[in-house]
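Accompanying notes for the structure given below.
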Amino acid sequence: MSLRHASARSDRLGAGRAQARRLAAALLTLALVRHVPVRARTGVDAAPATDAAKQAPAAWLQGIDRLVADALARQKLPGCVIAVGRRSGVVYSKAFGLRALLPDKEAMTQDTIFDVASLTKPVATAASVMVLVDQGKLDLDERAARYLPGFAARGKAGITLRQLLTHVSGLPSEIPVADCEGGRAEAWKRIVALRPKAAPGERFIYSDVGYIVLDEIVRHVAGKSSAAFADAAIYRPLGMADTGFLPAPGKRPRIAPTEQRHDEWMRGEVHDPRAFRMGGVAGHAGLFSTAADLARFARMVLGEGALEQTRVLSVRGVANMLAPHDVPGGIRALGWDIQTAYSTSRGSSLSRRAVGHGGYTGTSLWIDPERDLFVILLGNRVHPDGKGATNDLAAAIATLVGTALAAPAVAGPSPAGSGLALGIDVLAAEDFARLRGLRLALLTNDSARDRDGRRTTDVLADRRGFKLVALLSPEHGLSARRDERIDDGRDVKTRLPIHSLYGGAYGARSGRPAGPRPVTLPPGIDAVVVDLPDVGTRFFTYASSVHATMRAAARRGLRVILLDRPNPIGGIEVSGPVLETSELSPVNHHVLPVRHGMTMAELAEMMNSDEHLGLRLDIVHMASYRRSAYHDETGLPWRPPSPNLRTVSAAVLYPALGLLEATNVTVGRGTPSPFEVLGAPWIDGAALAAELASAELAGVAFETTEFIPRANPHRGIPCSGIRVRVTNRTAFEPVRTGIAIALALRKLFPAAWNTARLRGMLGDPEVATAIVAGRRLPEIEALWQSDLDKFRAKRLKYLLYPP
């Protein structure tokens, strides 16, 4: 499907999609209220009901009938085949309407073969690439020019296979049809001569050209046509007898016609004009298939690469293929869509792990590993006149099915009572269904409690149906009270072993890993449960421990089940320098601004996509959470997540004063009010308070103070400095305040203040240099604004809760 096709389709379907979703929801509600008997209406070529279908609510069965009937009545398409299923088999399959209107009417049948158009990309091209990756013949992060040396010409040398698969290669959407008139060889010459429209990774450009390049790589590396390779490696092993390119003449009567070409109906002849001129086999279009065959393919994907004892992809290969990849303006997988402007057919009730694709001729396939569900719509909406639309119908059906067939762990009951329910409370309300039968490790500390005040450790240790076998502790240990090296140990109450993920000081900058420190997870576990608070600031290390755990779990193929918690300083405001990749460290573990405005689950979703870990990340969302709330507005008591964040006020100030902690000032560790004061033996507190008052910073006041810290730096030494008090939390800008304090220190105490490690928490050497140079505050803030705006736009893709 080209950008031109997609744009035209979007214009037609914008309003229709919303209408279809509303209709789907209304039909489901109406049928549930009426308690429709569990029996699918028989109709044109309906499949026999399987055991799974017999047990399913009839609402969605009749809902599909009504949605399709409405689309047929509005002449959105002449007919279609719908199939719904799980890894274990097809739950529902039915044919509707007509396969052909002209030259003669033909009834749609379930074995109708469709030109699936751009479904070729994931089902043929990307799948073939992944088979070759499994065989060690391709490397996803290798340059395409390594396999096709001539391709490097005119600025294409740096394009990787991964970038081609996710449409961020910079290649154009398509080449002129005239470039394909001479066949495949001539089209390839024109592609080699192309210059990219953008640098690799810079823009998302849905590109048929990129998939033609991938097809050429498959052909070159496999030593045979991509059609022959896919047939031998994927379709024949899976029993997909009606899937392939250039269908045999004997199958022509079962093929749904599309439009006319040269006064002849296209029937078994690819609709896409470029693929047709390239001989009918291309990386972006040309595949034909049936709903039954695509159901087998979808079941293989849900089966992590295997179907009925036949394996075509490795478990890791499927995980890599489905791994979310953050791309400009959306999220893609390898060959698949997840969340972009092209996701109009996915509906609103599939999980965030669902992958899918559409085809210009009226086809759609969505696969949801989290819900163990697939939804297929094959239609011939371009017959007979190139008009029609199916995305609204596909979206409505996906919404209906996703709601009706959601697994119990996803559609479980809400916690009793009112008010905020934390992830652990929601998990309990679901009767811990997600954990049944698993051996678990738990990453947590004692500040992570349910709304009744019980430690998550105790809640899980006391339950049957799964087994908690180990605890993982972050910085400050399981108690959340220690400020030194933490060794392994054992929990006094549960007697469970504690594996410390913070087994030593981070030490000097030299030699530290770029990102979270690698961790080793205990043997003999199936999954890791994570329940850790965060404080909304990049350099608070608990998110780094979660990040490291995610990486380790992905390497071992383990699930991570994350129980979400509020961001205690609110999830609206985003501010400060965005970490430069050169500054990655175990503390500054990911490219984030100082104040990121996200919950731990939202951060985990972003990290999983940014690093395309392929992790099976299961988020247990909070209920009744609004991201604008500070912790003291949630109704929950404050339980210090670490020994020096003793109050909500300290957490609010942490992004300001924490910025300066790596320099030779104390931020109050070893005093009654850490992260609410700042001082040093060489500071004149009155002068500093006066200088900051003149800066006219909104929502904050500064008072002179004297104190003697009982912890380094300056342990036991009298210090003068300032007490920082937030007077208006809405107006207060913590990062701006922190930078203003830094500028005042530089101005008043240039010889005494040691700025050598200032960049450590800032995460941006240019900003640190500007502070040392004494540049004006607005000029310094302007240095990070462009990167911050990009982060804000990216962040929107991962937000899970309303304002």
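Order determines the names: the first chain of the structure tokens is A, the second B, and so forth; residues in each chain are numbered 1 upward, and ligands are numbered 1 upward as they are shown.
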
So that I can check the surroundings of segment 595-599 of chain A, please list as a PDB file with all heavy atoms, in the first residue's frame every protein, DNA and RNA residue that reaches within 9 Å of it, counting only C-alpha atoms and ignoring chain neighbours fewer than 6 positions away.
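Contents of out-v2.pdb, freshly written:
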```pdb
ATOM      1  N   PRO A 533       8.251   1.897  43.558  1.00  0.00           N
ATOM      2  CA  PRO A 533       7.874   3.304  43.356  1.00  0.00           C
ATOM      3  C   PRO A 533       8.937   4.018  42.546  1.00  0.00           C
ATOM      4  O   PRO A 533      10.074   3.552  42.428  1.00  0.00           O
ATOM      5  CB  PRO A 533       7.827   3.850  44.786  1.00  0.00           C
ATOM      6  CG  PRO A 533       8.825   3.016  45.521  1.00  0.00           C
ATOM      7  CD  PRO A 533       8.752   1.640  44.914  1.00  0.00           C
ATOM      8  N   ASP A 534       8.557   5.132  41.980  1.00  0.00           N
ATOM      9  CA  ASP A 534       9.511   6.004  41.310  1.00  0.00           C
ATOM     10  C   ASP A 534       9.209   7.423  41.784  1.00  0.00           C
ATOM     11  O   ASP A 534       8.183   7.653  42.448  1.00  0.00           O
ATOM     12  CB  ASP A 534       9.369   5.898  39.785  1.00  0.00           C
ATOM     13  CG  ASP A 534      10.499   6.602  39.049  1.00  0.00           C
ATOM     14  OD1 ASP A 534      11.667   6.420  39.450  1.00  0.00           O
ATOM     15  OD2 ASP A 534      10.225   7.346  38.088  1.00  0.00           O
ATOM     16  N   VAL A 535      10.097   8.362  41.493  1.00  0.00           N
ATOM     17  CA  VAL A 535       9.849   9.736  41.933  1.00  0.00           C
ATOM     18  C   VAL A 535       9.857  10.715  40.769  1.00  0.00           C
ATOM     19  O   VAL A 535       9.985  11.918  40.960  1.00  0.00           O
ATOM     20  CB  VAL A 535      10.850  10.173  43.031  1.00  0.00           C
ATOM     21  CG1 VAL A 535      10.686   9.303  44.262  1.00  0.00           C
ATOM     22  CG2 VAL A 535      12.274  10.155  42.533  1.00  0.00           C
ATOM     23  N   GLY A 536       9.711  10.209  39.544  1.00  0.00           N
ATOM     24  CA  GLY A 536       9.501  11.087  38.404  1.00  0.00           C
ATOM     25  C   GLY A 536      10.722  11.826  37.914  1.00  0.00           C
ATOM     26  O   GLY A 536      10.597  12.764  37.128  1.00  0.00           O
ATOM     27  N   THR A 537      11.913  11.408  38.358  1.00  0.00           N
ATOM     28  CA  THR A 537      13.148  12.111  38.018  1.00  0.00           C
ATOM     29  C   THR A 537      14.144  11.133  37.411  1.00  0.00           C
ATOM     30  O   THR A 537      14.333  10.039  37.941  1.00  0.00           O
ATOM     31  CB  THR A 537      13.752  12.768  39.264  1.00  0.00           C
ATOM     32  OG1 THR A 537      12.761  13.621  39.862  1.00  0.00           O
ATOM     33  CG2 THR A 537      14.974  13.586  38.928  1.00  0.00           C
ATOM     34  N   ARG A 538      14.782  11.541  36.331  1.00  0.00           N
ATOM     35  CA  ARG A 538      15.637  10.644  35.554  1.00  0.00           C
ATOM     36  C   ARG A 538      16.695   9.923  36.387  1.00  0.00           C
ATOM     37  O   ARG A 538      16.951   8.742  36.212  1.00  0.00           O
ATOM     38  CB  ARG A 538      16.308  11.409  34.429  1.00  0.00           C
ATOM     39  CG  ARG A 538      17.132  10.556  33.493  1.00  0.00           C
ATOM     40  CD  ARG A 538      18.455  11.222  33.108  1.00  0.00           C
ATOM     41  NE  ARG A 538      18.231  12.487  32.433  1.00  0.00           N
ATOM     42  CZ  ARG A 538      19.016  13.543  32.609  1.00  0.00           C
ATOM     43  NH1 ARG A 538      20.040  13.490  33.450  1.00  0.00           N
ATOM     44  NH2 ARG A 538      18.776  14.669  31.958  1.00  0.00           N
ATOM     45  N   ASP A 564       1.875  -1.152  38.353  1.00  0.00           N
ATOM     46  CA  ASP A 564       2.150   0.274  38.226  1.00  0.00           C
ATOM     47  C   ASP A 564       1.774   1.047  39.487  1.00  0.00           C
ATOM     48  O   ASP A 564       0.922   0.621  40.284  1.00  0.00           O
ATOM     49  CB  ASP A 564       1.407   0.852  37.020  1.00  0.00           C
ATOM     50  CG  ASP A 564       2.115   2.061  36.425  1.00  0.00           C
ATOM     51  OD1 ASP A 564       3.257   2.339  36.819  1.00  0.00           O
ATOM     52  OD2 ASP A 564       1.531   2.711  35.544  1.00  0.00           O
ATOM     53  N   ARG A 565       2.433   2.199  39.634  1.00  0.00           N
ATOM     54  CA  ARG A 565       2.239   3.108  40.761  1.00  0.00           C
ATOM     55  C   ARG A 565       2.238   4.542  40.250  1.00  0.00           C
ATOM     56  O   ARG A 565       2.760   4.815  39.177  1.00  0.00           O
ATOM     57  CB  ARG A 565       3.345   2.941  41.801  1.00  0.00           C
ATOM     58  CG  ARG A 565       3.268   1.640  42.553  1.00  0.00           C
ATOM     59  CD  ARG A 565       4.265   1.491  43.671  1.00  0.00           C
ATOM     60  NE  ARG A 565       3.887   0.292  44.408  1.00  0.00           N
ATOM     61  CZ  ARG A 565       3.041   0.264  45.427  1.00  0.00           C
ATOM     62  NH1 ARG A 565       2.521   1.410  45.876  1.00  0.00           N
ATOM     63  NH2 ARG A 565       2.716  -0.872  46.026  1.00  0.00           N
ATOM     64  N   PRO A 566       1.698   5.486  41.047  1.00  0.00           N
ATOM     65  CA  PRO A 566       1.661   6.879  40.596  1.00  0.00           C
ATOM     66  C   PRO A 566       3.050   7.494  40.511  1.00  0.00           C
ATOM     67  O   PRO A 566       3.984   7.083  41.206  1.00  0.00           O
ATOM     68  CB  PRO A 566       0.838   7.581  41.691  1.00  0.00           C
ATOM     69  CG  PRO A 566       0.100   6.499  42.393  1.00  0.00           C
ATOM     70  CD  PRO A 566       0.973   5.297  42.312  1.00  0.00           C
ATOM     71  N   ASN A 567       3.170   8.491  39.651  1.00  0.00           N
ATOM     72  CA  ASN A 567       4.318   9.380  39.675  1.00  0.00           C
ATOM     73  C   ASN A 567       4.038  10.392  40.787  1.00  0.00           C
ATOM     74  O   ASN A 567       3.098  11.174  40.675  1.00  0.00           O
ATOM     75  CB  ASN A 567       4.471  10.082  38.327  1.00  0.00           C
ATOM     76  CG  ASN A 567       5.683  10.986  38.254  1.00  0.00           C
ATOM     77  OD1 ASN A 567       6.090  11.573  39.244  1.00  0.00           O
ATOM     78  ND2 ASN A 567       6.261  11.121  37.061  1.00  0.00           N
ATOM     79  N   PRO A 568       4.826  10.417  41.859  1.00  0.00           N
ATOM     80  CA  PRO A 568       4.447  11.233  43.024  1.00  0.00           C
ATOM     81  C   PRO A 568       4.536  12.728  42.794  1.00  0.00           C
ATOM     82  O   PRO A 568       3.968  13.506  43.569  1.00  0.00           O
ATOM     83  CB  PRO A 568       5.441  10.779  44.104  1.00  0.00           C
ATOM     84  CG  PRO A 568       6.613  10.266  43.340  1.00  0.00           C
ATOM     85  CD  PRO A 568       6.049   9.650  42.103  1.00  0.00           C
ATOM     86  N   ILE A 569       5.242  13.171  41.736  1.00  0.00           N
ATOM     87  CA  ILE A 569       5.306  14.612  41.470  1.00  0.00           C
ATOM     88  C   ILE A 569       4.474  14.970  40.232  1.00  0.00           C
ATOM     89  O   ILE A 569       4.695  15.994  39.595  1.00  0.00           O
ATOM     90  CB  ILE A 569       6.758  15.103  41.329  1.00  0.00           C
ATOM     91  CG1 ILE A 569       7.471  14.435  40.158  1.00  0.00           C
ATOM     92  CG2 ILE A 569       7.513  14.866  42.621  1.00  0.00           C
ATOM     93  CD1 ILE A 569       8.852  15.038  39.878  1.00  0.00           C
ATOM     94  N   GLY A 570       3.499  14.127  39.940  1.00  0.00           N
ATOM     95  CA  GLY A 570       2.583  14.406  38.835  1.00  0.00           C
ATOM     96  C   GLY A 570       3.120  13.922  37.515  1.00  0.00           C
ATOM     97  O   GLY A 570       4.330  13.891  37.289  1.00  0.00           O
ATOM     98  N   GLY A 571       2.211  13.555  36.640  1.00  0.00           N
ATOM     99  CA  GLY A 571       2.598  13.019  35.340  1.00  0.00           C
ATOM    100  C   GLY A 571       2.261  13.938  34.195  1.00  0.00           C
ATOM    101  O   GLY A 571       2.009  13.465  33.079  1.00  0.00           O
ATOM    102  N   ILE A 572       2.256  15.227  34.440  1.00  0.00           N
ATOM    103  CA  ILE A 572       1.928  16.194  33.388  1.00  0.00           C
ATOM    104  C   ILE A 572       3.169  16.943  32.926  1.00  0.00           C
ATOM    105  O   ILE A 572       3.485  16.981  31.728  1.00  0.00           O
ATOM    106  CB  ILE A 572       0.872  17.202  33.874  1.00  0.00           C
ATOM    107  CG1 ILE A 572      -0.432  16.485  34.254  1.00  0.00           C
ATOM    108  CG2 ILE A 572       0.611  18.252  32.794  1.00  0.00           C
ATOM    109  CD1 ILE A 572      -1.164  15.859  33.101  1.00  0.00           C
ATOM    110  N   GLU A 573       3.879  17.543  33.859  1.00  0.00           N
ATOM    111  CA  GLU A 573       5.006  18.400  33.513  1.00  0.00           C
ATOM    112  C   GLU A 573       6.225  17.586  33.087  1.00  0.00           C
ATOM    113  O   GLU A 573       6.544  16.562  33.690  1.00  0.00           O
ATOM    114  CB  GLU A 573       5.381  19.295  34.688  1.00  0.00           C
ATOM    115  CG  GLU A 573       4.287  20.280  35.082  1.00  0.00           C
ATOM    116  CD  GLU A 573       3.932  21.217  33.939  1.00  0.00           C
ATOM    117  OE1 GLU A 573       4.851  21.622  33.192  1.00  0.00           O
ATOM    118  OE2 GLU A 573       2.739  21.543  33.793  1.00  0.00           O
ATOM    119  N   VAL A 574       6.885  18.067  32.047  1.00  0.00           N
ATOM    120  CA  VAL A 574       8.109  17.463  31.518  1.00  0.00           C
ATOM    121  C   VAL A 574       9.108  18.596  31.355  1.00  0.00           C
ATOM    122  O   VAL A 574       8.792  19.619  30.736  1.00  0.00           O
ATOM    123  CB  VAL A 574       7.852  16.782  30.157  1.00  0.00           C
ATOM    124  CG1 VAL A 574       9.127  16.168  29.609  1.00  0.00           C
ATOM    125  CG2 VAL A 574       6.759  15.727  30.282  1.00  0.00           C
ATOM    126  N   SER A 575      10.313  18.438  31.892  1.00  0.00           N
ATOM    127  CA  SER A 575      11.243  19.556  31.835  1.00  0.00           C
ATOM    128  C   SER A 575      12.681  19.104  31.984  1.00  0.00           C
ATOM    129  O   SER A 575      12.972  18.010  32.466  1.00  0.00           O
ATOM    130  CB  SER A 575      10.911  20.578  32.935  1.00  0.00           C
ATOM    131  OG  SER A 575      11.011  19.991  34.220  1.00  0.00           O
ATOM    132  N   GLY A 576      13.582  20.001  31.553  1.00  0.00           N
ATOM    133  CA  GLY A 576      15.009  19.811  31.757  1.00  0.00           C
ATOM    134  C   GLY A 576      15.736  19.250  30.555  1.00  0.00           C
ATOM    135  O   GLY A 576      15.123  18.839  29.561  1.00  0.00           O
ATOM    136  N   PRO A 577      17.062  19.210  30.630  1.00  0.00           N
ATOM    137  CA  PRO A 577      17.861  18.671  29.531  1.00  0.00           C
ATOM    138  C   PRO A 577      17.544  17.199  29.286  1.00  0.00           C
ATOM    139  O   PRO A 577      17.354  16.428  30.235  1.00  0.00           O
ATOM    140  CB  PRO A 577      19.304  18.839  30.022  1.00  0.00           C
ATOM    141  CG  PRO A 577      19.248  19.834  31.123  1.00  0.00           C
ATOM    142  CD  PRO A 577      17.896  19.711  31.729  1.00  0.00           C
ATOM    143  N   ARG A 627      -3.202  11.393  36.043  1.00  0.00           N
ATOM    144  CA  ARG A 627      -1.773  11.677  36.051  1.00  0.00           C
ATOM    145  C   ARG A 627      -1.431  13.061  36.583  1.00  0.00           C
ATOM    146  O   ARG A 627      -0.285  13.330  36.933  1.00  0.00           O
ATOM    147  CB  ARG A 627      -1.185  11.461  34.667  1.00  0.00           C
ATOM    148  CG  ARG A 627      -1.742  12.315  33.565  1.00  0.00           C
ATOM    149  CD  ARG A 627      -1.164  11.934  32.197  1.00  0.00           C
ATOM    150  NE  ARG A 627       0.223  11.604  32.262  1.00  0.00           N
ATOM    151  CZ  ARG A 627       0.705  10.353  32.190  1.00  0.00           C
ATOM    152  NH1 ARG A 627      -0.119   9.328  32.046  1.00  0.00           N
ATOM    153  NH2 ARG A 627       1.986  10.121  32.264  1.00  0.00           N
ATOM    154  N   PRO A 655      14.130  17.056  41.696  1.00  0.00           N
ATOM    155  CA  PRO A 655      14.701  17.396  40.377  1.00  0.00           C
ATOM    156  C   PRO A 655      15.509  18.683  40.392  1.00  0.00           C
ATOM    157  O   PRO A 655      16.352  18.889  39.511  1.00  0.00           O
ATOM    158  CB  PRO A 655      13.467  17.552  39.479  1.00  0.00           C
ATOM    159  CG  PRO A 655      12.353  16.895  40.210  1.00  0.00           C
ATOM    160  CD  PRO A 655      12.658  17.034  41.660  1.00  0.00           C
ATOM    161  N   PRO A 734      10.983  23.044  38.916  1.00  0.00           N
ATOM    162  CA  PRO A 734      12.151  22.550  39.657  1.00  0.00           C
ATOM    163  C   PRO A 734      13.454  22.595  38.883  1.00  0.00           C
ATOM    164  O   PRO A 734      14.493  22.967  39.443  1.00  0.00           O
ATOM    165  CB  PRO A 734      11.758  21.119  40.031  1.00  0.00           C
ATOM    166  CG  PRO A 734      10.638  20.751  39.118  1.00  0.00           C
ATOM    167  CD  PRO A 734       9.927  22.013  38.810  1.00  0.00           C
ATOM    168  N   VAL A 735      13.436  22.221  37.616  1.00  0.00           N
ATOM    169  CA  VAL A 735      14.690  22.208  36.867  1.00  0.00           C
ATOM    170  C   VAL A 735      15.192  23.635  36.659  1.00  0.00           C
ATOM    171  O   VAL A 735      16.391  23.916  36.817  1.00  0.00           O
ATOM    172  CB  VAL A 735      14.526  21.476  35.527  1.00  0.00           C
ATOM    173  CG1 VAL A 735      15.829  21.512  34.734  1.00  0.00           C
ATOM    174  CG2 VAL A 735      14.091  20.036  35.762  1.00  0.00           C
ATOM    175  N   PHE A 791      11.010  14.900  22.700  1.00  0.00           N
ATOM    176  CA  PHE A 791      10.671  13.905  23.715  1.00  0.00           C
ATOM    177  C   PHE A 791       9.197  13.981  24.084  1.00  0.00           C
ATOM    178  O   PHE A 791       8.532  12.951  24.253  1.00  0.00           O
ATOM    179  CB  PHE A 791      11.531  14.089  24.966  1.00  0.00           C
ATOM    180  CG  PHE A 791      11.156  13.123  26.066  1.00  0.00           C
ATOM    181  CD1 PHE A 791      11.647  11.837  26.065  1.00  0.00           C
ATOM    182  CD2 PHE A 791      10.267  13.505  27.062  1.00  0.00           C
ATOM    183  CE1 PHE A 791      11.270  10.931  27.043  1.00  0.00           C
ATOM    184  CE2 PHE A 791       9.889  12.601  28.052  1.00  0.00           C
ATOM    185  CZ  PHE A 791      10.398  11.316  28.041  1.00  0.00           C
ATOM    186  N   ARG A 792       8.683  15.200  24.236  1.00  0.00           N
ATOM    187  CA  ARG A 792       7.258  15.340  24.573  1.00  0.00           C
ATOM    188  C   ARG A 792       6.375  14.639  23.545  1.00  0.00           C
ATOM    189  O   ARG A 792       5.403  13.960  23.887  1.00  0.00           O
ATOM    190  CB  ARG A 792       6.887  16.818  24.648  1.00  0.00           C
ATOM    191  CG  ARG A 792       7.343  17.531  25.914  1.00  0.00           C
ATOM    192  CD  ARG A 792       6.629  18.874  26.039  1.00  0.00           C
ATOM    193  NE  ARG A 792       7.011  19.590  27.250  1.00  0.00           N
ATOM    194  CZ  ARG A 792       7.800  20.649  27.276  1.00  0.00           C
ATOM    195  NH1 ARG A 792       8.302  21.127  26.139  1.00  0.00           N
ATOM    196  NH2 ARG A 792       8.093  21.238  28.415  1.00  0.00           N
ATOM    197  N   ARG A 795       6.776  10.854  23.937  1.00  0.00           N
ATOM    198  CA  ARG A 795       6.195  10.393  25.203  1.00  0.00           C
ATOM    199  C   ARG A 795       4.711  10.118  25.088  1.00  0.00           C
ATOM    200  O   ARG A 795       4.180   9.192  25.730  1.00  0.00           O
ATOM    201  CB  ARG A 795       6.483  11.459  26.258  1.00  0.00           C
ATOM    202  CG  ARG A 795       5.739  11.364  27.570  1.00  0.00           C
ATOM    203  CD  ARG A 795       6.150  12.526  28.458  1.00  0.00           C
ATOM    204  NE  ARG A 795       5.314  12.681  29.642  1.00  0.00           N
ATOM    205  CZ  ARG A 795       4.187  13.387  29.672  1.00  0.00           C
ATOM    206  NH1 ARG A 795       3.772  14.027  28.570  1.00  0.00           N
ATOM    207  NH2 ARG A 795       3.482  13.478  30.794  1.00  0.00           N
ATOM    208  N   TYR A 798       3.205   6.603  24.825  1.00  0.00           N
ATOM    209  CA  TYR A 798       3.329   5.624  25.896  1.00  0.00           C
ATOM    210  C   TYR A 798       2.489   5.942  27.126  1.00  0.00           C
ATOM    211  O   TYR A 798       2.518   5.195  28.097  1.00  0.00           O
ATOM    212  CB  TYR A 798       4.812   5.496  26.294  1.00  0.00           C
ATOM    213  CG  TYR A 798       5.667   5.088  25.128  1.00  0.00           C
ATOM    214  CD1 TYR A 798       6.377   6.041  24.390  1.00  0.00           C
ATOM    215  CD2 TYR A 798       5.721   3.764  24.713  1.00  0.00           C
ATOM    216  CE1 TYR A 798       7.133   5.661  23.300  1.00  0.00           C
ATOM    217  CE2 TYR A 798       6.473   3.387  23.625  1.00  0.00           C
ATOM    218  CZ  TYR A 798       7.172   4.346  22.914  1.00  0.00           C
ATOM    219  OH  TYR A 798       7.907   3.967  21.821  1.00  0.00           O
ATOM    220  N   LEU A 799       1.735   7.018  27.081  1.00  0.00           N
ATOM    221  CA  LEU A 799       0.941   7.400  28.245  1.00  0.00           C
ATOM    222  C   LEU A 799      -0.280   6.491  28.380  1.00  0.00           C
ATOM    223  O   LEU A 799      -0.998   6.243  27.409  1.00  0.00           O
ATOM    224  CB  LEU A 799       0.511   8.861  28.134  1.00  0.00           C
ATOM    225  CG  LEU A 799       1.663   9.877  28.038  1.00  0.00           C
ATOM    226  CD1 LEU A 799       1.116  11.298  28.062  1.00  0.00           C
ATOM    227  CD2 LEU A 799       2.700   9.670  29.132  1.00  0.00           C
ATOM    228  N   LEU A 800      -0.515   6.017  29.589  1.00  0.00           N
ATOM    229  CA  LEU A 800      -1.555   5.022  29.832  1.00  0.00           C
ATOM    230  C   LEU A 800      -2.766   5.577  30.564  1.00  0.00           C
ATOM    231  O   LEU A 800      -3.781   4.891  30.677  1.00  0.00           O
ATOM    232  CB  LEU A 800      -0.979   3.868  30.670  1.00  0.00           C
ATOM    233  CG  LEU A 800       0.248   3.151  30.094  1.00  0.00           C
ATOM    234  CD1 LEU A 800       0.769   2.131  31.098  1.00  0.00           C
ATOM    235  CD2 LEU A 800      -0.115   2.472  28.780  1.00  0.00           C
TER     236      LEU A 800
END
```

DSSP-assigned strand (DSSP E or B) among segment 521-712 of chain A, expressed as a PyMOL selection string: chain A and resi 527-531+537+559-563+575-578+593-595+616-620+623+666+677-680+700-707

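Proximity of A:Glu733, A:Asp487, A:Asp372, A:Glu779 to Ala698 of chain A, computed with only C-alpha atoms, is greatest for A:Glu733.
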
Counting only C-alpha atoms, which residues in segment 137-197 of chain A sit no more than 12 Å from segment 610-625 of chain A? For each one, give the nearest pair of atoms and the distance in Å, sorted by chain then residue number, as JSON lines.
```
{"residue": "A:Leu140", "atom": "CA", "partner": "A:His612", "partner_atom": "CA", "distance": 11.7}
{"residue": "A:Asp141", "atom": "CA", "partner": "A:His612", "partner_atom": "CA", "distance": 11.9}
{"residue": "A:Arg162", "atom": "CA", "partner": "A:His612", "partner_atom": "CA", "distance": 10.5}
{"residue": "A:Thr166", "atom": "CA", "partner": "A:His612", "partner_atom": "CA", "distance": 11.4}
```

Hey, can you check how far atom CA of Gly679 of chain A sits from atom CA of Ala651 of chain A? 18.4 Å

If you take only C-alpha atoms and a cut-off of 12 Å, which residues of segment 235-281 of chain A touch segment 288-304 of chain A, and what are their nearest atom pairs and distances in Å to one decimal, in chain and number order, as a tab-separated table?
```
residue	atom	partner	partner_atom	distance
A:Tyr235	CA	A:Phe297	CA	8.3
A:Arg236	CA	A:Asp293	CA	10.6
A:Pro237	CA	A:Phe297	CA	10.5
A:Leu238	CA	A:Arg296	CA	6.8
A:Gly239	CA	A:Asp293	CA	7.6
A:Met240	CA	A:Asp293	CA	4.8
A:Ala241	CA	A:Asp293	CA	7.3
A:Asp242	CA	A:Ser289	CA	5.6
A:Thr243	CA	A:Ser289	CA	4.3
A:Gly244	CA	A:Phe288	CA	5.5
A:Phe245	CA	A:Phe288	CA	6.0
A:Leu246	CA	A:Phe288	CA	7.8
A:Pro247	CA	A:Phe288	CA	7.2
A:Ala248	CA	A:Phe288	CA	10.8
A:Lys251	CA	A:Phe288	CA	10.8
A:Arg252	CA	A:Phe288	CA	11.2
A:Arg254	CA	A:Thr290	CA	9.8
A:Ile255	CA	A:Phe288	CA	8.7
A:Ala256	CA	A:Phe288	CA	10.0
A:Pro257	CA	A:Phe288	CA	11.6
A:Arg267	CA	A:Phe288	CA	10.5
A:Gly268	CA	A:Phe288	CA	7.9
A:Glu269	CA	A:Phe288	CA	9.4
A:Val270	CA	A:Phe288	CA	8.3
A:His271	CA	A:Phe288	CA	10.6
A:Gly280	CA	A:Phe288	CA	10.5
A:Val281	CA	A:Phe288	CA	10.6
```

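Residues in contact range of His357 of chain A, defined as at most 9 Å between only C-alpha atoms, with sequence neighbours fewer than 4 positions away removed, read Ser118, Leu119, Lys121, Pro122, Gly335, Trp336, Asp337, Ile338, Tyr342, Ser343, Ser345, Arg346, Thr363, Ser364, Leu365 and Trp366 of chain A.
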
Could you give me, as number ranges by chain, the residues within 8 Å of Arg195 of chain A, counting only C-alpha atoms and dropping anything in the same chain fewer than 4 positions from it? A: 154-156, 171

Contacts of Ala782 of chain A at 12 Å (only C-alpha atoms; same-chain gap of 2+ positions) as a ChimeraX atom specification: /A:575-577,736,766-767,770,775-780,784-789

Tell me, as a ChimeraX atom specification, which residues lie within 9 Å of Arg485 of chain A, counting only C-alpha atoms; anything in the same chain fewer than 2 positions away does not count. /A:475-477,482-483,487,502-505

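Checking A:Ala662, A:Leu307, A:Leu496, A:Leu532 one by one against Asp462 of chain A, counting only C-alpha atoms, you find the shortest gap at A:Leu496.
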
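With distances restricted to only C-alpha atoms, A:Ala127 is the closest residue to Leu322 of chain A from A:Ala127, A:Ala548, A:Leu427, A:Ala285.
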
Counting only C-alpha atoms, what is within 12 Å of Val772 of chain A, bar same-chain residues fewer than 3 positions away, as a PyMOL selection string? chain A and resi 739-740+742-747+749-751+753-759+765-769+775-777+780

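Ranking A:Asp392, A:Asp450, A:Asp231, A:Asp326 by their shortest atom-to-atom distance to Glu202 of chain A, with only C-alpha atoms included, puts A:Asp326 first.
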
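Note that DSSP on the backbone gives alpha helix (DSSP H) to these residues of segment 559-689 of chain A: Met600, Ala601, Glu602, Leu603, Ala604, Glu605, Met606, Met607, Asn608, Ser609, Asp610, Val648, Ser649, Ala650, Ala651, Val652, Leu653, Tyr654, Pro655, Ala656, Leu657, Gly685, Ala686, Ala687, Leu688 and Ala689 of chain A.
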